[in-house]
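Novice: What follows is coords33.txt; its format and atoms are compact mmCIF, C-alpha atoms.
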```
# COMPACT_ATOMS: atom_id res chain seq x y z
CA MET A 72 5.75 16.30 12.66
CA ARG A 73 8.68 17.20 10.38
CA MET A 74 8.30 13.84 8.60
CA THR A 75 4.55 14.45 8.19
CA LYS A 76 5.09 17.87 6.61
CA PHE A 77 7.78 16.47 4.34
CA LYS A 78 5.43 13.73 3.26
CA LEU A 79 2.68 16.21 2.44
CA TRP A 80 5.05 18.09 0.14
CA ARG A 81 6.22 14.84 -1.46
CA ALA A 82 2.60 13.77 -1.88
CA ALA A 83 2.07 16.69 -4.24
CA GLY A 84 4.56 15.08 -6.63
CA ALA A 85 2.86 11.72 -6.17
CA ALA A 86 -0.46 13.32 -7.00
CA LEU A 87 0.95 14.39 -10.35
CA VAL A 88 2.10 10.82 -11.04
CA LEU A 89 -1.31 9.41 -10.17
CA GLY A 90 -3.04 12.08 -12.23
CA LEU A 91 -1.01 11.09 -15.27
CA ALA A 92 -1.81 7.45 -14.58
CA ALA A 93 -5.51 8.27 -14.54
CA CYS A 94 -5.22 9.94 -17.93
CA GLY A 95 -3.47 6.89 -19.31
CA GLY A 96 -6.08 4.54 -17.88
CA GLU A 97 -8.92 6.44 -19.48
CA GLY A 98 -7.19 6.89 -22.81
CA GLY A 99 -5.19 4.63 -25.09
CA GLU A 100 -3.76 2.40 -22.36
CA ASN A 101 -6.79 0.19 -21.96
CA GLY A 102 -6.15 -2.28 -24.76
CA GLY A 103 -6.97 -5.89 -23.94
CA GLU A 104 -8.82 -5.17 -20.68
CA ARG A 105 -12.49 -5.21 -19.87
CA GLY A 106 -13.33 -2.83 -17.03
CA GLN A 107 -16.91 -3.98 -16.40
CA ALA A 108 -17.81 -6.86 -14.14
CA GLY A 109 -20.15 -8.16 -16.80
CA ALA A 110 -17.10 -9.16 -18.82
CA SER A 111 -15.10 -12.22 -17.87
CA GLY A 112 -12.67 -10.42 -15.56
CA GLU A 113 -9.71 -8.35 -16.73
CA GLY A 114 -8.09 -10.53 -19.39
CA GLY A 115 -4.40 -11.19 -18.70
CA GLU A 116 -4.72 -9.62 -15.26
CA ALA A 117 -2.18 -11.88 -13.58
CA GLY A 118 0.66 -11.15 -15.98
CA GLU A 119 0.14 -7.65 -17.33
CA ALA A 120 1.61 -4.25 -16.56
CA ALA A 121 -0.44 -3.98 -13.37
CA SER A 122 1.66 -6.68 -11.74
CA PRO A 123 3.80 -5.49 -8.79
CA PRO A 124 7.04 -3.73 -9.75
CA ALA A 125 10.32 -5.62 -9.81
CA PRO A 126 12.18 -5.88 -6.46
CA GLU A 127 15.15 -3.84 -7.72
CA ALA A 128 12.89 -0.76 -7.89
CA ALA A 129 12.85 -0.70 -4.09
CA SER A 130 16.25 0.94 -3.95
CA ALA A 131 14.83 4.10 -5.50
CA GLY A 132 12.97 4.99 -2.30
CA GLY A 133 9.53 6.49 -1.69
CA GLU A 134 9.14 8.12 -5.10
CA ALA A 135 9.64 4.74 -6.77
CA GLY A 136 6.97 3.35 -4.49
CA GLU A 137 4.49 6.04 -5.53
CA ALA A 138 5.23 5.38 -9.20
CA GLY A 139 4.97 1.63 -8.64
CA ALA A 140 1.53 2.11 -7.14
CA ALA A 141 0.48 4.26 -10.08
CA THR A 142 1.23 1.44 -12.54
CA ALA A 143 -1.64 -0.51 -11.00
CA TYR A 144 -3.99 1.85 -12.85
CA ALA A 145 -2.63 0.88 -16.27
CA GLY A 146 -5.38 -0.30 -18.60
CA VAL A 147 -8.29 0.32 -16.23
CA ASP A 148 -11.21 2.36 -17.51
CA GLY A 149 -14.96 2.92 -17.19
CA ALA A 150 -16.76 1.81 -14.06
CA GLN A 151 -13.78 -0.31 -13.01
CA LEU A 152 -11.60 2.81 -12.89
CA THR A 153 -14.18 4.71 -10.85
CA ALA A 154 -14.46 1.80 -8.41
CA MET A 155 -10.68 1.62 -8.14
CA ARG A 156 -10.30 5.33 -7.43
CA LEU A 157 -13.00 5.15 -4.78
CA GLN A 158 -11.44 2.08 -3.19
CA HIS A 159 -7.97 3.59 -3.19
CA LEU A 160 -9.34 6.66 -1.41
CA LYS A 161 -11.20 4.42 1.03
CA GLY A 162 -7.90 2.82 1.98
CA PHE A 163 -6.75 6.12 3.44
CA VAL A 164 -9.98 6.38 5.43
CA LEU A 165 -9.66 2.79 6.68
CA VAL A 166 -6.13 3.27 7.96
CA ALA A 167 -7.09 6.67 9.43
CA GLN A 168 -9.82 4.91 11.41
CA GLN A 169 -7.26 2.56 12.92
CA VAL A 170 -4.82 5.38 13.63
CA ALA A 171 -7.56 7.48 15.27
CA ALA A 172 -8.58 4.52 17.42
CA SER A 173 -4.98 4.29 18.64
CA GLY A 174 -5.24 7.87 19.90
CA ALA A 175 -3.21 9.63 17.19
CA SER A 176 -5.95 12.02 16.06
CA GLU A 177 -3.71 14.54 14.28
CA GLU A 178 -2.01 11.74 12.36
CA ALA A 179 -5.38 10.33 11.33
CA GLU A 180 -6.55 13.68 10.03
CA VAL A 181 -3.38 14.08 7.98
CA LEU A 182 -3.87 10.62 6.45
CA VAL A 183 -7.31 11.59 5.15
CA GLN A 184 -5.92 14.80 3.66
CA GLN A 185 -3.09 12.85 2.03
CA GLY A 186 -5.65 10.51 0.49
CA LEU A 187 -7.48 13.45 -1.02
CA LEU A 188 -4.24 14.98 -2.29
CA GLU A 189 -2.84 11.78 -3.77
CA VAL A 190 -5.98 10.04 -5.07
CA TYR A 191 -8.94 12.42 -5.45
CA ASP A 192 -7.54 15.84 -6.32
CA PRO A 193 -5.43 14.78 -9.34
CA ALA A 194 -8.27 12.74 -10.91
CA THR A 195 -11.63 14.19 -9.90
CA ALA A 196 -13.19 13.30 -13.26
CA ALA A 197 -12.50 9.62 -12.63
CA PHE A 198 -14.78 9.72 -9.56
CA GLY A 199 -17.94 10.46 -11.54
CA GLY A 200 -20.43 12.42 -9.48
CA PHE A 201 -18.93 11.41 -6.12
CA ASN A 202 -19.74 13.82 -3.30
CA VAL A 203 -16.36 14.20 -1.65
CA ALA A 204 -17.60 16.54 1.11
CA PRO A 205 -17.93 13.82 3.82
CA VAL A 206 -14.32 12.80 3.21
CA ARG A 207 -13.03 16.37 3.32
CA ALA A 208 -14.90 16.87 6.59
CA ALA A 209 -13.80 13.59 8.15
CA GLY A 210 -11.01 14.79 10.41
CA ALA A 211 -10.23 12.26 13.13
CA ASP A 212 -13.68 11.86 14.70
CA ALA A 213 -14.82 8.22 14.62
CA ALA A 214 -18.34 9.05 13.46
CA ALA A 215 -17.07 11.40 10.76
CA LEU A 216 -14.59 8.81 9.49
CA ALA A 217 -17.37 6.22 9.39
CA ALA A 218 -19.52 8.66 7.42
CA ALA A 219 -16.66 9.17 4.95
CA ALA A 220 -16.35 5.41 4.44
CA GLN A 221 -20.11 5.09 3.99
CA ALA A 222 -20.12 7.88 1.39
CA ILE A 223 -17.50 6.01 -0.61
CA ASP A 224 -19.48 2.77 -0.33
CA ALA A 225 -22.64 4.55 -1.49
CA ALA A 226 -20.84 5.90 -4.56
CA ARG A 227 -19.39 2.47 -5.37
CA ALA A 228 -22.61 0.49 -4.85
CA PRO A 229 -24.39 1.27 -8.16
CA LEU A 230 -21.27 0.60 -10.26
CA THR A 231 -20.85 -2.57 -12.29
CA TYR A 232 -17.29 -3.73 -11.70
CA ASP A 233 -15.14 -6.80 -11.05
CA HIS A 234 -14.57 -7.29 -7.31
CA ALA A 235 -11.73 -9.78 -7.76
CA ALA A 236 -9.88 -7.53 -10.21
CA LEU A 237 -10.35 -4.59 -7.86
CA THR A 238 -8.92 -6.64 -5.00
CA ALA A 239 -5.89 -7.62 -7.09
CA ARG A 240 -5.25 -4.02 -8.13
CA MET A 241 -5.39 -2.81 -4.53
CA VAL A 242 -2.86 -5.49 -3.60
CA ASP A 243 -0.66 -4.13 -6.39
CA ILE A 244 -0.97 -0.60 -4.97
CA ALA A 245 -0.11 -1.80 -1.46
CA THR A 246 2.92 -3.65 -2.81
CA GLY A 247 4.06 -0.71 -4.92
CA LEU A 248 3.85 1.69 -2.00
CA TYR A 249 5.69 -0.71 0.28
CA GLN A 250 8.84 -0.20 -1.78
CA GLY A 251 9.33 3.06 0.10
CA VAL A 252 9.03 1.65 3.63
CA ASN A 253 12.50 0.20 4.29
CA GLN A 254 15.03 2.90 3.47
CA ALA A 255 18.79 2.60 3.86
CA ASP A 256 18.93 4.42 7.18
CA PHE A 257 15.32 4.71 8.37
CA VAL A 258 11.82 3.28 8.16
CA ASP A 259 9.27 5.56 6.45
CA PRO A 260 6.24 5.50 8.80
CA ILE A 261 3.98 7.34 6.37
CA GLU A 262 4.62 5.03 3.42
CA TYR A 263 4.01 2.14 5.81
CA GLN A 264 0.56 3.48 6.66
CA HIS A 265 -0.30 4.31 3.05
CA SER A 266 0.52 0.78 1.95
CA LEU A 267 -1.42 -0.63 4.92
CA GLY A 268 -4.43 1.42 3.85
CA ALA A 269 -4.29 -0.10 0.36
CA ALA A 270 -4.03 -3.58 1.85
CA LEU A 271 -7.09 -2.92 4.03
CA ALA A 272 -8.90 -1.61 0.96
CA ALA A 273 -8.06 -4.84 -0.86
CA ARG A 274 -9.72 -6.90 1.86
CA ASP A 275 -12.68 -4.53 1.90
CA ALA A 276 -13.09 -4.99 -1.87
CA LEU A 277 -12.96 -8.77 -1.54
CA VAL A 278 -15.47 -8.87 1.31
CA SER A 279 -17.86 -6.54 -0.51
CA GLY A 280 -17.99 -9.03 -3.39
CA ARG A 281 -18.40 -12.11 -1.20
CA THR A 282 -21.86 -13.18 -2.36
CA ALA A 283 -21.06 -13.19 -6.07
CA LEU A 284 -17.54 -14.58 -5.66
CA GLU A 285 -18.60 -17.42 -3.37
CA HIS A 286 -21.40 -18.31 -5.75
CA SER A 287 -18.91 -18.44 -8.61
CA ASN A 288 -16.19 -20.41 -6.78
CA ALA A 289 -16.49 -20.88 -3.03
CA ARG A 290 -13.13 -22.63 -2.65
CA ALA A 291 -11.27 -19.90 -4.53
CA TYR A 292 -12.92 -17.27 -2.35
CA ARG A 293 -11.86 -19.01 0.88
CA GLU A 294 -8.29 -19.34 -0.37
CA ALA A 295 -8.19 -15.71 -1.48
CA VAL A 296 -9.43 -14.52 1.93
CA ALA A 297 -6.82 -16.66 3.71
CA GLU A 298 -3.97 -15.39 1.53
CA LEU A 299 -5.15 -11.79 1.87
CA ASP A 300 -5.25 -12.15 5.66
CA ARG A 301 -1.63 -13.36 5.52
CA PHE A 302 -0.82 -10.35 3.33
CA ILE A 303 -2.29 -7.89 5.83
CA ALA A 304 -0.50 -9.66 8.70
CA LEU A 305 2.75 -8.35 7.23
CA TRP A 306 1.69 -4.98 8.72
CA PRO A 307 1.71 -6.09 12.39
CA ALA A 308 0.65 -2.71 13.78
CA VAL A 309 -0.93 0.51 12.58
CA SER A 310 2.37 2.33 13.16
CA ALA A 311 5.59 1.14 11.57
CA PRO A 312 7.63 -1.19 13.79
CA GLU A 313 11.38 -0.87 14.13
CA HIS A 314 11.91 -3.78 11.75
CA PRO A 315 9.02 -4.08 9.27
CA ALA A 316 8.59 -6.97 6.86
CA SER A 317 10.85 -6.78 3.83
CA TYR A 318 9.59 -5.66 0.44
CA ALA A 319 10.41 -9.14 -0.88
CA GLN A 320 8.05 -10.67 1.69
CA VAL A 321 5.23 -8.31 0.74
CA LEU A 322 5.85 -8.86 -2.97
CA ALA A 323 5.82 -12.65 -2.57
CA GLN A 324 2.63 -12.71 -0.51
CA GLY A 325 0.95 -10.30 -2.91
CA SER A 326 1.71 -12.78 -5.68
CA ARG A 327 0.08 -15.53 -3.60
CA VAL A 328 -3.06 -13.41 -3.25
CA ARG A 329 -3.15 -12.90 -7.01
CA PHE A 330 -2.69 -16.63 -7.59
CA ALA A 331 -5.60 -17.37 -5.23
CA LEU A 332 -7.71 -14.86 -7.17
CA SER A 333 -6.69 -16.28 -10.56
CA PRO A 334 -9.86 -18.38 -11.04
CA TYR A 335 -11.78 -15.09 -11.22
CA LEU A 336 -9.34 -13.09 -13.33
```
Translate this structure into structure tokens?
Specialist:
Amino acid sequence: MRMTKFKLWRAAGAALVLGLAACGGEGGENGGERGQAGASGEGGEAGEAASPPAPEAASAGGEAGEAGAATAYAGVDGAQLTAMRLQHLKGFVLVAQQVAASGASEEAEVLVQQGLLEVYDPATAAFGGFNVAPVRAAGADAAALAAAAQAIDAARAPLTYDHAALTARMVDIATGLYQGVNQADFVDPIEYQHSLGAALAARDALVSGRTALEHSNARAYREAVAELDRFIALWPAVSAPEHPASYAQVLAQGSRVRFALSPYL
């Protein structure tokens, strides 16, 4: 419980980082990128500033992980930014669903509140007219969590955005957050769950775009799903194990997911 309270305080600082990132994404930082799905992807996606942070940043701990995740927002604007914010928030709901199913109801409720604090509260304007009430009311009840996820899906559905680019960005967020998992003398269980949520949100984004992506390139879609499944397998349980995968492993597999997605980007 002490770790959870500490994380909530630290999340306030992370919220400021993400809020600044949102301002950058909507302002002058969007050169060279097309946020709408009607454009041909997000030009230069595989090699631009949204790529996962360098491995040496891992030594800086959880705060470096939060900042690394925030860089994934660089250059994103318009409907693509709204979809990304919604999907990032959904990641917290998805991992909370798994945590609640394991019987840790208080922990699940805290995860939803952390998602609101870190993703929604610092950038409400980026969510358009999203009705956040179902998420705020989610708690740890299975039906309420499902309603929160459905509310996010309903807000995302009318948007025109690039599913493959959204998937890649969520992989970047998961990788950035994972920098804070393996500390010198402990494993951060909260950062582990936050990064898992982003990984689950990446798969959710890919699956939601299945029809269009398969129609465009069925082989690339199959390879992307397979690589993303291998990425998620690096989180073997909903709670952090004693010896989690290394950041280098997560970074390398994230790069494989991006490579599999490259025909779309």
Novice: What is the distance between atom CA of Ala297 of chain A and atom CA of Gly251 of chain A, in Å to one decimal?
Specialist: 25.7 Å
Novice: Which of these, A:Tyr292, A:Phe257, A:Phe201, A:Tyr263, has the shortest distance to Trp306 of chain A once you count only C-alpha atoms?
Specialist: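 Once distances to Trp306 of chain A are computed over only C-alpha atoms, the minimum belongs to A:Tyr263.
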Novice: Enter the distance from atom CA of Leu271 of chain A to atom CA of Leu305 of chain A, in Å, rounded to one decimal.
Specialist: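 The value is 11.7 Å.
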Novice: Which residue out of A:Glu189, A:Ala204, A:Gly162, A:Asp259 has the minimum interatomic distance to Ala141 of chain A when all atoms listed in the file are used?
Specialist: A:Glu189
Novice: Which centre and which edge lengths, in Å to one decimal, describe the axis-aligned box that holds all listed atoms of segment 140-159 of chain A after 3 Å is added on each side, as lines of an AutoDock Vina configuration file?
Specialist:
```
center_x = -7.6
center_y = 2.4
center_z = -10.9
size_x = 24.3
size_y = 11.8
size_z = 21.4
```
Novice: Compile the contact shell of Ala228 of chain A as a list in words: residues with an atom at most 12 Å away, counting only C-alpha atoms, same-chain residues fewer than 2 positions apart removed.
Specialist: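 Here the answer would be Ala150, Thr153, Ala154, Leu157, Gln158, Phe201, Gln221, Ala222, Ile223, Asp224, Ala225, Ala226, Leu230, Thr231, Tyr232, His234, Ala276, Ser279 and Gly280 of chain A.
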Novice: Please identify all polymer residues lying at most 12 Å from the point (-12.5, -5.5, -7.4) (file coordinates), using only C-alpha atoms, and present the result as a ChimeraX atom specification.
Specialist: /A:106-108,112-113,116,147,150-159,227,230-243,272-281,283-284,329,332,335-336
Novice: Could you please determine the separation between atom CA of Val183 of chain A and atom CA of Arg207 of chain A in Å, to one decimal place?
Specialist: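 That distance, rounded to one decimal, is 7.7 Å.
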Novice: Counting only C-alpha atoms, figure out which residue out of A:Ala291, A:Ala217, A:Leu267, A:Val166 gets nearest to Val328 of chain A.
Specialist: A:Ala291
Novice: From the list A:Phe163, A:Ala175, A:Leu248, A:Ala209, which residue is nearest Tyr191 of chain A when using only C-alpha atoms?
Specialist: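 The answer is A:Phe163, which sits nearest to Tyr191 of chain A.
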Novice: Closest to Thr246 of chain A among A:Ile303, A:His314, A:Val181, A:Gln169, using all atoms listed in the file?
Specialist: A:Ile303
Novice: Given all atoms listed in the file as the basis, pick out the residue of A:Val190, A:Ala211, A:Leu165, A:Ala255 nearest to Glu177 of chain A.
Specialist: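 Comparing A:Val190, A:Ala211, A:Leu165, A:Ala255 against Glu177 of chain A, the winner is A:Ala211.
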Novice: Within 10 Å of (2.0, -1.5, 7.2) in the file's own coordinates, which protein, DNA or RNA residues have an atom, counting all atoms listed in the file? List them as a PyMOL selection string.
Specialist: chain A and resi 166+245+248-249+252+260-271+303-312+315-316+321
